[in-house]
$ cat entry.cif   # mmCIF, C-alpha atoms and all ligand atoms
data_coords
#
loop_
_atom_site.group_PDB
_atom_site.id
_atom_site.type_symbol
_atom_site.label_atom_id
_atom_site.label_comp_id
_atom_site.auth_asym_id
_atom_site.auth_seq_id
_atom_site.Cartn_x
_atom_site.Cartn_y
_atom_site.Cartn_z
ATOM 1 C CA MET A 1 -12.505 12.767 13.664
ATOM 2 C CA ASN A 2 -10.668 15.814 14.855
ATOM 3 C CA ILE A 3 -7.391 15.139 16.660
ATOM 4 C CA GLN A 4 -5.906 17.454 19.222
ATOM 5 C CA ILE A 5 -2.401 16.717 20.477
ATOM 6 C CA ASP A 6 -1.131 18.849 23.353
ATOM 7 C CA SER A 7 2.473 18.957 24.578
ATOM 8 C CA LEU A 8 2.833 15.241 24.050
ATOM 9 C CA THR A 9 6.008 13.652 25.401
ATOM 10 C CA HIS A 10 6.860 9.989 25.499
ATOM 11 C CA ILE A 11 9.924 8.608 27.242
ATOM 12 C CA PHE A 12 10.811 4.915 27.124
ATOM 13 C CA LYS A 13 12.179 4.307 30.590
ATOM 14 C CA ASN A 14 13.150 0.657 30.118
ATOM 15 C CA GLY A 15 16.357 1.400 28.193
ATOM 16 C CA LYS A 16 19.690 2.734 29.420
ATOM 17 C CA PRO A 17 19.907 5.605 28.843
ATOM 18 C CA GLN A 18 16.192 6.409 28.791
ATOM 19 C CA ARG A 19 15.009 7.373 25.348
ATOM 20 C CA ILE A 20 12.884 10.438 24.673
ATOM 21 C CA ALA A 21 10.897 9.114 21.719
ATOM 22 C CA LEU A 22 8.691 12.207 21.386
ATOM 23 C CA GLU A 23 9.111 15.596 22.982
ATOM 24 C CA ASP A 24 6.539 18.324 23.316
ATOM 25 C CA ILE A 25 4.464 17.571 20.225
ATOM 26 C CA SER A 26 1.429 19.826 19.719
ATOM 27 C CA LEU A 27 -0.812 19.471 16.689
ATOM 28 C CA GLU A 28 -4.360 19.842 15.555
ATOM 29 C CA ILE A 29 -5.622 17.654 12.745
ATOM 30 C CA LYS A 30 -8.914 18.446 11.082
ATOM 31 C CA SER A 31 -11.538 15.810 10.550
ATOM 32 C CA GLY A 32 -11.206 14.094 7.170
ATOM 33 C CA GLN A 33 -7.628 15.233 6.624
ATOM 34 C CA PHE A 34 -5.072 12.819 5.167
ATOM 35 C CA THR A 35 -1.878 13.549 7.080
ATOM 36 C CA ALA A 36 1.475 11.942 6.372
ATOM 37 C CA ILE A 37 3.962 11.721 9.230
ATOM 38 C CA ILE A 38 7.429 11.415 7.802
ATOM 39 C CA GLY A 39 10.851 11.092 9.385
ATOM 40 C CA PRO A 40 13.877 8.801 9.560
ATOM 41 C CA SER A 41 13.797 5.444 11.270
ATOM 42 C CA GLY A 42 13.600 5.738 15.051
ATOM 43 C CA CYS A 43 12.223 9.294 15.161
ATOM 44 C CA GLY A 44 9.053 8.285 16.985
ATOM 45 C CA LYS A 45 6.472 7.874 14.204
ATOM 46 C CA SER A 46 5.189 4.505 15.410
ATOM 47 C CA THR A 47 5.221 5.747 18.984
ATOM 48 C CA LEU A 48 2.907 8.601 17.983
ATOM 49 C CA LEU A 49 0.474 6.187 16.340
ATOM 50 C CA ARG A 50 0.607 3.790 19.269
ATOM 51 C CA LEU A 51 -0.227 6.660 21.625
ATOM 52 C CA ALA A 52 -3.181 7.669 19.420
ATOM 53 C CA ALA A 53 -4.375 4.053 19.358
ATOM 54 C CA ASP A 54 -4.252 3.733 23.160
ATOM 55 C CA LEU A 55 -1.640 0.961 22.910
ATOM 56 C CA ILE A 56 0.736 2.922 25.161
ATOM 57 C CA GLN A 57 0.229 5.823 27.552
ATOM 58 C CA PRO A 58 2.080 9.154 27.234
ATOM 59 C CA THR A 59 4.648 10.306 29.778
ATOM 60 C CA ALA A 60 3.184 13.822 29.604
ATOM 61 C CA GLY A 61 0.604 15.743 27.608
ATOM 62 C CA GLY A 62 -2.288 14.146 25.828
ATOM 63 C CA ILE A 63 -4.321 13.297 22.756
ATOM 64 C CA ARG A 64 -8.034 13.984 22.282
ATOM 65 C CA ILE A 65 -9.984 12.379 19.459
ATOM 66 C CA ASP A 66 -13.192 14.328 18.833
ATOM 67 C CA GLY A 67 -12.833 15.458 22.436
ATOM 68 C CA HIS A 68 -12.467 11.914 23.789
ATOM 69 C CA SER A 69 -9.463 10.021 25.085
ATOM 70 C CA PRO A 70 -7.877 7.452 22.752
ATOM 71 C CA ALA A 71 -9.208 4.732 25.085
ATOM 72 C CA GLN A 72 -12.784 5.999 24.672
ATOM 73 C CA ALA A 73 -12.367 6.347 20.898
ATOM 74 C CA ARG A 74 -11.012 2.816 20.677
ATOM 75 C CA LYS A 75 -13.833 1.383 22.805
ATOM 76 C CA SER A 76 -16.428 3.026 20.602
ATOM 77 C CA GLY A 77 -14.856 1.423 17.526
ATOM 78 C CA GLU A 78 -13.647 4.655 15.972
ATOM 79 C CA ILE A 79 -10.024 3.598 15.496
ATOM 80 C CA ALA A 80 -8.808 1.262 12.762
ATOM 81 C CA TRP A 81 -5.165 0.244 12.570
ATOM 82 C CA MET A 82 -3.050 -1.084 9.756
ATOM 83 C CA ALA A 83 0.685 -1.805 9.801
ATOM 84 C CA GLN A 84 3.407 -3.374 7.710
ATOM 85 C CA SER A 85 2.522 -6.870 8.838
ATOM 86 C CA PRO A 86 -1.071 -7.782 7.917
ATOM 87 C CA ALA A 87 -1.571 -9.657 11.233
ATOM 88 C CA LEU A 88 -4.071 -12.139 9.811
ATOM 89 C CA LEU A 89 -5.318 -15.227 11.616
ATOM 90 C CA PRO A 90 -4.066 -18.188 9.540
ATOM 91 C CA TRP A 91 -6.835 -20.600 10.555
ATOM 92 C CA LEU A 92 -9.590 -18.249 9.326
ATOM 93 C CA THR A 93 -10.609 -17.529 5.732
ATOM 94 C CA ALA A 94 -10.342 -14.040 4.247
ATOM 95 C CA GLN A 95 -14.005 -13.363 4.976
ATOM 96 C CA GLN A 96 -13.769 -14.769 8.508
ATOM 97 C CA ASN A 97 -10.748 -12.575 9.254
ATOM 98 C CA VAL A 98 -12.807 -9.513 8.351
ATOM 99 C CA THR A 99 -15.975 -10.513 10.199
ATOM 100 C CA LEU A 100 -14.049 -11.422 13.337
ATOM 101 C CA ALA A 101 -12.457 -7.962 13.418
ATOM 102 C CA GLN A 102 -15.872 -6.362 12.945
ATOM 103 C CA LYS A 103 -17.280 -8.426 15.799
ATOM 104 C CA PHE A 104 -14.507 -7.643 18.276
ATOM 105 C CA LEU A 105 -13.424 -4.142 17.353
ATOM 106 C CA ARG A 106 -16.781 -2.600 16.505
ATOM 107 C CA ALA A 107 -18.318 -3.979 19.705
ATOM 108 C CA ASP A 108 -22.091 -3.461 19.520
ATOM 109 C CA ARG A 109 -22.060 -0.857 16.739
ATOM 110 C CA HIS A 110 -22.931 -1.981 13.261
ATOM 111 C CA PRO A 111 -20.553 -1.038 10.462
ATOM 112 C CA ARG A 112 -22.220 0.302 7.322
ATOM 113 C CA ILE A 113 -20.231 -2.070 5.151
ATOM 114 C CA SER A 114 -20.326 -5.870 5.190
ATOM 115 C CA ALA A 115 -17.247 -8.102 5.080
ATOM 116 C CA GLY A 116 -18.241 -9.248 1.579
ATOM 117 C CA GLN A 117 -18.558 -5.658 0.311
ATOM 118 C CA ALA A 118 -15.210 -4.683 1.833
ATOM 119 C CA LEU A 119 -13.502 -7.655 0.176
ATOM 120 C CA LYS A 120 -15.045 -6.744 -3.195
ATOM 121 C CA ARG A 121 -13.902 -3.134 -2.880
ATOM 122 C CA VAL A 122 -10.277 -4.192 -2.472
ATOM 123 C CA GLY A 123 -10.503 -6.683 -5.332
ATOM 124 C CA LEU A 124 -10.693 -9.854 -3.230
ATOM 125 C CA GLY A 125 -14.294 -10.778 -4.023
ATOM 126 C CA ASP A 126 -13.167 -14.033 -5.631
ATOM 127 C CA VAL A 127 -11.033 -15.284 -2.771
ATOM 128 C CA GLU A 128 -13.257 -14.676 0.229
ATOM 129 C CA ASN A 129 -13.003 -18.346 1.212
ATOM 130 C CA ALA A 130 -9.229 -18.561 0.752
ATOM 131 C CA TYR A 131 -6.866 -18.863 3.711
ATOM 132 C CA PRO A 132 -4.237 -16.138 4.174
ATOM 133 C CA PHE A 133 -1.257 -18.433 3.454
ATOM 134 C CA THR A 134 -2.599 -19.053 -0.066
ATOM 135 C CA LEU A 135 -2.507 -15.308 -0.817
ATOM 136 C CA SER A 136 0.502 -13.299 -2.042
ATOM 137 C CA GLY A 137 2.008 -10.547 0.140
ATOM 138 C CA GLY A 138 0.124 -7.893 -1.839
ATOM 139 C CA MET A 139 -3.171 -9.780 -1.484
ATOM 140 C CA GLN A 140 -2.616 -10.209 2.246
ATOM 141 C CA GLN A 141 -2.240 -6.425 2.572
ATOM 142 C CA ARG A 142 -5.413 -6.038 0.491
ATOM 143 C CA LEU A 143 -7.110 -8.284 3.015
ATOM 144 C CA ALA A 144 -5.824 -6.109 5.857
ATOM 145 C CA LEU A 145 -7.205 -3.128 3.917
ATOM 146 C CA ALA A 146 -10.604 -4.832 3.621
ATOM 147 C CA ARG A 147 -10.553 -5.390 7.377
ATOM 148 C CA LEU A 148 -9.754 -1.714 7.928
ATOM 149 C CA LEU A 149 -12.597 -0.624 5.630
ATOM 150 C CA ALA A 150 -15.050 -3.016 7.238
ATOM 151 C CA LEU A 151 -14.459 -1.444 10.644
ATOM 152 C CA ASP A 152 -16.045 1.743 9.310
ATOM 153 C CA ALA A 153 -13.952 3.814 11.718
ATOM 154 C CA GLY A 154 -13.524 7.593 11.711
ATOM 155 C CA LEU A 155 -9.765 7.398 12.253
ATOM 156 C CA TRP A 156 -7.365 5.260 10.240
ATOM 157 C CA LEU A 157 -3.934 4.841 11.794
ATOM 158 C CA MET A 158 -1.615 3.452 9.143
ATOM 159 C CA ASP A 159 1.972 2.607 10.061
ATOM 160 C CA GLU A 160 3.926 2.085 6.828
ATOM 161 C CA PRO A 161 1.295 -0.389 5.657
ATOM 162 C CA PHE A 162 2.805 -1.042 2.239
ATOM 163 C CA ALA A 163 6.490 -0.704 3.115
ATOM 164 C CA ALA A 164 7.236 -4.430 2.798
ATOM 165 C CA LEU A 165 5.717 -4.738 -0.694
ATOM 166 C CA ASP A 166 7.491 -4.443 -4.022
ATOM 167 C CA GLU A 167 7.408 -1.006 -5.637
ATOM 168 C CA ILE A 168 4.828 -1.875 -8.321
ATOM 169 C CA THR A 169 2.336 -3.402 -5.893
ATOM 170 C CA ARG A 170 2.957 -0.569 -3.485
ATOM 171 C CA GLU A 171 2.148 2.136 -6.030
ATOM 172 C CA LYS A 172 -0.958 0.290 -7.140
ATOM 173 C CA LEU A 173 -2.206 -0.111 -3.588
ATOM 174 C CA THR A 174 -1.553 3.515 -2.617
ATOM 175 C CA ALA A 175 -3.591 4.662 -5.639
ATOM 176 C CA GLU A 176 -6.398 2.285 -4.674
ATOM 177 C CA LEU A 177 -6.238 3.393 -1.069
ATOM 178 C CA LEU A 178 -6.882 6.989 -2.156
ATOM 179 C CA ASN A 179 -9.932 5.825 -4.089
ATOM 180 C CA LEU A 180 -11.222 4.076 -0.985
ATOM 181 C CA TRP A 181 -10.476 7.039 1.277
ATOM 182 C CA GLN A 182 -11.964 9.774 -0.900
ATOM 183 C CA PRO A 183 -15.686 8.921 -0.648
ATOM 184 C CA LEU A 184 -15.504 8.055 3.069
ATOM 185 C CA GLN A 185 -13.093 10.811 4.205
ATOM 186 C CA PRO A 186 -11.979 9.324 7.491
ATOM 187 C CA THR A 187 -9.126 11.138 9.220
ATOM 188 C CA VAL A 188 -5.900 9.372 8.253
ATOM 189 C CA LEU A 189 -2.539 9.402 9.995
ATOM 190 C CA TRP A 190 -0.174 7.770 7.533
ATOM 191 C CA VAL A 191 3.362 7.007 8.684
ATOM 192 C CA THR A 192 6.067 6.703 6.075
ATOM 193 C CA HIS A 193 9.716 7.410 5.417
ATOM 194 C CA ASN A 194 9.113 7.669 1.674
ATOM 195 C CA TYR A 195 8.911 11.192 0.190
ATOM 196 C CA TYR A 196 7.064 10.100 -2.946
ATOM 197 C CA GLU A 197 4.430 8.236 -1.014
ATOM 198 C CA ALA A 198 3.828 11.191 1.300
ATOM 199 C CA LEU A 199 3.477 13.579 -1.636
ATOM 200 C CA ARG A 200 1.284 11.237 -3.653
ATOM 201 C CA LEU A 201 -1.152 10.793 -0.790
ATOM 202 C CA ALA A 202 -1.319 13.538 1.751
ATOM 203 C CA ASP A 203 -3.219 16.795 2.323
ATOM 204 C CA ARG A 204 -0.605 17.669 4.876
ATOM 205 C CA ILE A 205 2.905 16.478 5.688
ATOM 206 C CA ILE A 206 4.439 16.618 9.150
ATOM 207 C CA VAL A 207 8.197 16.050 9.378
ATOM 208 C CA ILE A 208 9.569 14.609 12.620
ATOM 209 C CA THR A 209 13.231 14.811 13.660
ATOM 210 C CA PRO A 210 14.928 12.077 15.696
ATOM 211 C CA SER A 211 16.394 12.044 19.218
ATOM 212 C CA PRO A 212 14.214 13.482 20.580
ATOM 213 C CA GLY A 213 11.282 13.308 18.185
ATOM 214 C CA ARG A 214 10.073 16.837 17.511
ATOM 215 C CA ILE A 215 8.152 18.512 14.709
ATOM 216 C CA ALA A 216 10.614 19.983 12.205
ATOM 217 C CA ALA A 217 8.102 21.073 9.572
ATOM 218 C CA ASP A 218 4.374 20.996 8.983
ATOM 219 C CA GLY A 219 2.804 22.013 5.697
ATOM 220 C CA ASP A 220 -0.304 21.644 3.567
ATOM 221 C CA ILE A 221 0.052 20.008 0.168
ATOM 222 C CA SER A 222 -2.507 21.572 -2.103
ATOM 223 C CA LEU A 223 -1.626 19.674 -5.280
ATOM 224 C CA PRO A 224 -4.746 18.364 -7.032
ATOM 225 C CA ARG A 225 -5.249 14.611 -7.172
ATOM 226 C CA PRO A 226 -4.433 12.343 -8.915
ATOM 227 C CA ARG A 227 -0.825 13.436 -8.517
ATOM 228 C CA ARG A 228 1.936 12.354 -10.801
ATOM 229 C CA GLU A 229 5.640 12.459 -10.174
ATOM 230 C CA ASP A 230 6.371 14.017 -13.571
ATOM 231 C CA GLN A 231 4.305 17.126 -12.772
ATOM 232 C CA PRO A 232 6.564 20.171 -12.191
ATOM 233 C CA GLU A 233 4.672 21.125 -8.978
ATOM 234 C CA PHE A 234 5.230 17.619 -7.644
ATOM 235 C CA GLN A 235 8.961 17.942 -8.319
ATOM 236 C CA LEU A 236 9.086 21.310 -6.563
ATOM 237 C CA HIS A 237 7.401 19.904 -3.466
ATOM 238 C CA LEU A 238 9.720 16.898 -3.604
ATOM 239 C CA ALA A 239 12.823 19.095 -3.670
ATOM 240 C CA ALA A 240 11.531 21.136 -0.732
ATOM 241 C CA LEU A 241 10.708 18.030 1.294
ATOM 242 C CA ARG A 242 14.128 16.487 0.555
ATOM 243 C CA ASP A 243 15.788 19.677 1.705
ATOM 244 C CA ILE A 244 13.844 19.789 4.972
ATOM 245 C CA MET A 245 14.519 16.114 5.599
ATOM 246 C CA SER A 246 18.241 16.349 4.952
ATOM 247 C CA ARG A 247 18.534 19.298 7.328
ATOM 248 C CA SER A 248 16.492 17.603 10.042
ATOM 249 C CA ALA A 249 17.795 14.034 9.757
ATOM 250 C CA LEU A 250 20.597 14.568 12.251
ATOM 251 C CA PRO A 251 19.757 14.247 15.923
ATOM 252 C CA GLN A 252 19.081 17.765 17.217
ATOM 253 C CA ASP A 253 21.854 17.662 19.783
ATOM 254 C CA ALA A 254 24.351 16.932 16.961
ATOM 255 C CA GLN A 255 23.368 19.999 14.953
HETATM 256 P P1 LIG B 301 9.894 5.034 14.103
HETATM 257 O O1 LIG B 301 8.556 4.404 13.988
HETATM 258 O O2 LIG B 301 9.918 6.480 13.681
HETATM 259 O O3 LIG B 301 10.961 4.253 13.389
HETATM 260 P P2 LIG B 301 9.634 4.393 16.920
HETATM 261 O O4 LIG B 301 8.458 5.181 17.339
HETATM 262 O O5 LIG B 301 9.442 2.933 16.711
HETATM 263 O O6 LIG B 301 10.319 5.064 15.640
HETATM 264 O O7 LIG B 301 10.775 4.544 18.015
HETATM 265 C C1 LIG B 301 11.215 5.820 18.506
HETATM 266 C C2 LIG B 301 12.355 5.598 19.486
HETATM 267 O O8 LIG B 301 11.871 4.940 20.645
HETATM 268 C C3 LIG B 301 13.466 4.729 18.936
HETATM 269 O O9 LIG B 301 14.683 5.233 19.385
HETATM 270 C C4 LIG B 301 13.197 3.367 19.515
HETATM 271 O O10 LIG B 301 14.393 2.649 19.695
HETATM 272 C C5 LIG B 301 12.541 3.710 20.833
HETATM 273 N N1 LIG B 301 11.551 2.682 21.222
HETATM 274 C C6 LIG B 301 10.459 2.322 20.524
HETATM 275 N N2 LIG B 301 9.743 1.387 21.176
HETATM 276 C C7 LIG B 301 10.418 1.143 22.327
HETATM 277 C C8 LIG B 301 10.207 0.280 23.449
HETATM 278 N N3 LIG B 301 9.131 -0.531 23.503
HETATM 279 N N4 LIG B 301 11.113 0.308 24.430
HETATM 280 C C9 LIG B 301 12.192 1.128 24.395
HETATM 281 N N5 LIG B 301 12.453 1.962 23.377
HETATM 282 C C10 LIG B 301 11.587 1.980 22.356
HETATM 283 MG MG MG B 302 7.972 2.687 12.967
#
$ encode --input "entry.cif" --output "structure tokens"
Amino acid sequence: MNIQIDSLTHIFKNGKPQRIALEDISLEIKSGQFTAIIGPSGCGKSTLLRLAADLIQPTAGGIRIDGHSPAQARKSGEIAWMAQSPALLPWLTAQQNVTLAQKFLRADRHPRISAGQALKRVGLGDVENAYPFTLSGGMQQRLALARLLALDAGLWLMDEPFAALDEITREKLTAELLNLWQPLQPTVLWVTHNYYEALRLADRIIVITPSPGRIAADGDISLPRPRREDQPEFQLHLAALRDIMSRSALPQDAQ
């Protein structure tokens, strides 16, 4: 799905003073692109994803997803969401959690992948009848990943999905996620504040500055996959990204 963002501004008016979470963001994201959105805590990353998912409405400007509004894209089952918390229903088994999401979020359209297949692809084929509380944190995120896959959506909105996991599990899951993404090529918006993760995963990295959230940098990452941190090109990109982030981490009015 192609995403077109035009002069998007979002102001939270409930606080005192009002907070400009995002200001005048314009972007075009090509279908099938894996884009990392990176920036310090509070810079508006989650707000951007929530706007794209039709969970909140922008103060000004807009988002089009393949020419449709986020509300239309969501209703036609084209948006799948994954966040730090797996948001599983504790009284349903792994398989039931996935099928319920398919039933409600896909509406009347049939996904090309069954709940059982999705669970197998994330390595949970053996525990399809287990309840979430019997699964480790890493397995619960795998289950959330199976649910995402099973929705068969064209746009994956992923808000720091592995941020709460230990480093080893996190690296393993990001590598597996790439293997799941590559054959399907949905458009991915991946929010992170981790340089390594952004560089390991993304075709493109967009850096957002805080207060107000604006685009500080936007670049394509043409490193071949699989990427390894010990590759010299990886290190060069890492140094450049660090530099941009350190210069843009201060609120703009303090610079
Ligand atoms: P990030 O995901 O980059 O950490 P957020 O998008 O969650 O940042 O938040 C951006 C800014 O908007 C922050 O300053 C945050 O405090 C503020 N904010 C987020 N959600 C709300 C809300 N529901 N009400 C008021 N302010 C909010
Ligand atoms: Mg956030």
$ atom_distance --input "entry.cif" --atom1 "CA of Val122 in chain A" --atom2 "CA of Asn97 in chain A"
14.4 Å
$ residues_around --input "entry.cif" --residues "Leu173 in chain A" --least-positions-apart "4" --cutoff "10 Å" --atoms "all atoms listed in the file" --output "JSON, numbers by chain"
{"A": [122, 138, 139, 141, 142, 145, 161, 162, 165, 167, 168, 169, 177, 178, 179]}
$ closest_atom_pairs --input "entry.cif" --of "chain A" --to "ligand LIG 301 (chain B)" --cutoff "12 Å" --atoms "all atoms listed in the file" --output "JSON lines"
{"residue": "A:Thr9", "atom": "CA", "partner": "B:LIG301", "partner_atom": "O8", "distance": 11.5}
{"residue": "A:His10", "atom": "CA", "partner": "B:LIG301", "partner_atom": "O8", "distance": 8.6}
{"residue": "A:Ile11", "atom": "CA", "partner": "B:LIG301", "partner_atom": "O8", "distance": 7.8}
{"residue": "A:Phe12", "atom": "CA", "partner": "B:LIG301", "partner_atom": "C9", "distance": 4.9}
{"residue": "A:Lys13", "atom": "CA", "partner": "B:LIG301", "partner_atom": "C9", "distance": 7.0}
{"residue": "A:Asn14", "atom": "CA", "partner": "B:LIG301", "partner_atom": "C9", "distance": 5.8}
{"residue": "A:Gly15", "atom": "CA", "partner": "B:LIG301", "partner_atom": "C9", "distance": 5.6}
{"residue": "A:Lys16", "atom": "CA", "partner": "B:LIG301", "partner_atom": "C9", "distance": 9.2}
{"residue": "A:Pro17", "atom": "CA", "partner": "B:LIG301", "partner_atom": "N5", "distance": 9.9}
{"residue": "A:Gln18", "atom": "CA", "partner": "B:LIG301", "partner_atom": "N5", "distance": 7.9}
{"residue": "A:Arg19", "atom": "CA", "partner": "B:LIG301", "partner_atom": "O8", "distance": 6.2}
{"residue": "A:Ile20", "atom": "CA", "partner": "B:LIG301", "partner_atom": "O8", "distance": 6.9}
{"residue": "A:Ala21", "atom": "CA", "partner": "B:LIG301", "partner_atom": "C2", "distance": 4.4}
{"residue": "A:Leu22", "atom": "CA", "partner": "B:LIG301", "partner_atom": "C1", "distance": 7.4}
{"residue": "A:Glu23", "atom": "CA", "partner": "B:LIG301", "partner_atom": "C1", "distance": 11.0}
{"residue": "A:Ile37", "atom": "CA", "partner": "B:LIG301", "partner_atom": "O2", "distance": 9.1}
{"residue": "A:Ile38", "atom": "CA", "partner": "B:LIG301", "partner_atom": "O2", "distance": 8.1}
{"residue": "A:Gly39", "atom": "CA", "partner": "B:LIG301", "partner_atom": "O2", "distance": 6.4}
{"residue": "A:Pro40", "atom": "CA", "partner": "B:LIG301", "partner_atom": "O2", "distance": 6.2}
{"residue": "A:Ser41", "atom": "CA", "partner": "B:LIG301", "partner_atom": "O3", "distance": 3.7}
{"residue": "A:Gly42", "atom": "CA", "partner": "B:LIG301", "partner_atom": "O6", "distance": 3.4}
{"residue": "A:Cys43", "atom": "CA", "partner": "B:LIG301", "partner_atom": "O2", "distance": 3.9}
{"residue": "A:Gly44", "atom": "CA", "partner": "B:LIG301", "partner_atom": "O4", "distance": 3.2}
{"residue": "A:Lys45", "atom": "CA", "partner": "B:LIG301", "partner_atom": "O2", "distance": 3.8}
{"residue": "A:Ser46", "atom": "CA", "partner": "B:LIG301", "partner_atom": "O1", "distance": 3.7}
{"residue": "A:Thr47", "atom": "CA", "partner": "B:LIG301", "partner_atom": "O4", "distance": 3.7}
{"residue": "A:Leu48", "atom": "CA", "partner": "B:LIG301", "partner_atom": "O4", "distance": 6.6}
{"residue": "A:Leu49", "atom": "CA", "partner": "B:LIG301", "partner_atom": "O4", "distance": 8.1}
{"residue": "A:Arg50", "atom": "CA", "partner": "B:LIG301", "partner_atom": "O4", "distance": 8.2}
{"residue": "A:Leu51", "atom": "CA", "partner": "B:LIG301", "partner_atom": "O4", "distance": 9.8}
{"residue": "A:Leu55", "atom": "CA", "partner": "B:LIG301", "partner_atom": "N3", "distance": 10.9}
{"residue": "A:Ile56", "atom": "CA", "partner": "B:LIG301", "partner_atom": "N3", "distance": 9.2}
{"residue": "A:Gln57", "atom": "CA", "partner": "B:LIG301", "partner_atom": "N3", "distance": 11.7}
{"residue": "A:Ala83", "atom": "CA", "partner": "B:LIG301", "partner_atom": "O1", "distance": 10.9}
{"residue": "A:Gln84", "atom": "CA", "partner": "B:LIG301", "partner_atom": "O1", "distance": 11.2}
{"residue": "A:Met158", "atom": "CA", "partner": "B:LIG301", "partner_atom": "O1", "distance": 11.3}
{"residue": "A:Asp159", "atom": "CA", "partner": "B:LIG301", "partner_atom": "O1", "distance": 7.9}
{"residue": "A:Glu160", "atom": "CA", "partner": "B:LIG301", "partner_atom": "O1", "distance": 8.8}
{"residue": "A:Trp190", "atom": "CA", "partner": "B:LIG301", "partner_atom": "O1", "distance": 11.4}
{"residue": "A:Val191", "atom": "CA", "partner": "B:LIG301", "partner_atom": "O1", "distance": 7.9}
{"residue": "A:Thr192", "atom": "CA", "partner": "B:LIG301", "partner_atom": "O2", "distance": 8.5}
{"residue": "A:His193", "atom": "CA", "partner": "B:LIG301", "partner_atom": "O2", "distance": 8.3}
{"residue": "A:Val207", "atom": "CA", "partner": "B:LIG301", "partner_atom": "O2", "distance": 10.6}
{"residue": "A:Ile208", "atom": "CA", "partner": "B:LIG301", "partner_atom": "O2", "distance": 8.2}
{"residue": "A:Thr209", "atom": "CA", "partner": "B:LIG301", "partner_atom": "O2", "distance": 9.0}
{"residue": "A:Pro210", "atom": "CA", "partner": "B:LIG301", "partner_atom": "O2", "distance": 7.8}
{"residue": "A:Ser211", "atom": "CA", "partner": "B:LIG301", "partner_atom": "O9", "distance": 7.0}
{"residue": "A:Pro212", "atom": "CA", "partner": "B:LIG301", "partner_atom": "C2", "distance": 8.2}
{"residue": "A:Gly213", "atom": "CA", "partner": "B:LIG301", "partner_atom": "C1", "distance": 7.5}
{"residue": "A:Arg214", "atom": "CA", "partner": "B:LIG301", "partner_atom": "O2", "distance": 11.0}
{"residue": "A:Ala249", "atom": "CA", "partner": "B:LIG301", "partner_atom": "O2", "distance": 11.6}
{"residue": "A:Pro251", "atom": "CA", "partner": "B:LIG301", "partner_atom": "O9", "distance": 10.9}
$ closest_residue --input "entry.cif" --among "A:Thr187, A:Ser69, A:Asn2, A:Thr99" --to "Gly116 in chain A" --atoms "only C-alpha atoms"
A:Thr99
$ closest_residue --input "entry.cif" --among "A:Arg112, A:Ile205, A:Arg227, A:Leu143" --to "Leu27 in chain A" --atoms "all atoms listed in the file"
A:Ile205
$ residues_around --input "entry.cif" --residues "Glu28 in chain A" --least-positions-apart "2" --cutoff "10 Å" --atoms "all atoms listed in the file" --output "PyMOL selection string"
chain A and resi 2-6+26+30-31+63-64
$ closest_residue --input "entry.cif" --among "A:Ala130, A:Ala60, A:Ala175, A:Ile244" --to "Ala216 in chain A" --atoms "only C-alpha atoms"
A:Ile244
$ residues_around --input "entry.cif" --residues "Arg74 in chain A" --least-positions-apart "2" --cutoff "10 Å" --atoms "all atoms listed in the file" --output "CSV table (one decimal) with C-alpha atoms, keeping the file's coordinate frame"
chain,number,residue,atom,x,y,z
A,52,ALA,CA,-3.2,7.7,19.4
A,53,ALA,CA,-4.4,4.1,19.4
A,54,ASP,CA,-4.3,3.7,23.2
A,55,LEU,CA,-1.6,1.0,22.9
A,65,ILE,CA,-10.0,12.4,19.5
A,68,HIS,CA,-12.5,11.9,23.8
A,69,SER,CA,-9.5,10.0,25.1
A,70,PRO,CA,-7.9,7.5,22.8
A,71,ALA,CA,-9.2,4.7,25.1
A,72,GLN,CA,-12.8,6.0,24.7
A,76,SER,CA,-16.4,3.0,20.6
A,77,GLY,CA,-14.9,1.4,17.5
A,78,GLU,CA,-13.6,4.7,16.0
A,79,ILE,CA,-10.0,3.6,15.5
A,80,ALA,CA,-8.8,1.3,12.8
A,105,LEU,CA,-13.4,-4.1,17.4
A,106,ARG,CA,-16.8,-2.6,16.5
A,153,ALA,CA,-14.0,3.8,11.7
A,155,LEU,CA,-9.8,7.4,12.3
$ resolve_selection --input "entry.cif" --expression "the PyMOL selection byres (((chain A and resi 217-222) around 7) and not hetatm)" --output "ChimeraX atom specification"
/A:202-207,215-216,223-224
$ write_last_selection --input "entry.cif" --atoms "C-alpha atoms" --output "CSV table (one decimal), in the coordinates of the input"
chain,number,residue,atom,x,y,z
A,202,ALA,CA,-1.3,13.5,1.8
A,203,ASP,CA,-3.2,16.8,2.3
A,204,ARG,CA,-0.6,17.7,4.9
A,205,ILE,CA,2.9,16.5,5.7
A,206,ILE,CA,4.4,16.6,9.2
A,207,VAL,CA,8.2,16.0,9.4
A,215,ILE,CA,8.2,18.5,14.7
A,216,ALA,CA,10.6,20.0,12.2
A,223,LEU,CA,-1.6,19.7,-5.3
A,224,PRO,CA,-4.7,18.4,-7.0
$ closest_residue --input "entry.cif" --among "A:Glu128, A:Gln33, A:Ala163, A:Gln117" --to "ligand MG 302 (chain B)" --atoms "all atoms listed in the file"
A:Ala163
$ atom_distance --input "entry.cif" --atom1 "CA of Leu88 in chain A" --atom2 "CA of Asn129 in chain A"
13.9 Å
$ residues_near_point --input "entry.cif" --point "(-6.8, -16.5, 3.3)" --cutoff "8 Å" --atoms "all atoms listed in the file" --output "compact mmCIF listing (two decimals) with C-alpha atoms, keeping the file's coordinate frame"
# COMPACT_ATOMS: atom_id res chain seq x y z
CA PRO A 90 -4.07 -18.19 9.54
CA LEU A 92 -9.59 -18.25 9.33
CA THR A 93 -10.61 -17.53 5.73
CA ALA A 94 -10.34 -14.04 4.25
CA VAL A 127 -11.03 -15.28 -2.77
CA GLU A 128 -13.26 -14.68 0.23
CA ASN A 129 -13.00 -18.35 1.21
CA ALA A 130 -9.23 -18.56 0.75
CA TYR A 131 -6.87 -18.86 3.71
CA PRO A 132 -4.24 -16.14 4.17
CA PHE A 133 -1.26 -18.43 3.45
CA THR A 134 -2.60 -19.05 -0.07
CA LEU A 135 -2.51 -15.31 -0.82
CA GLN A 140 -2.62 -10.21 2.25
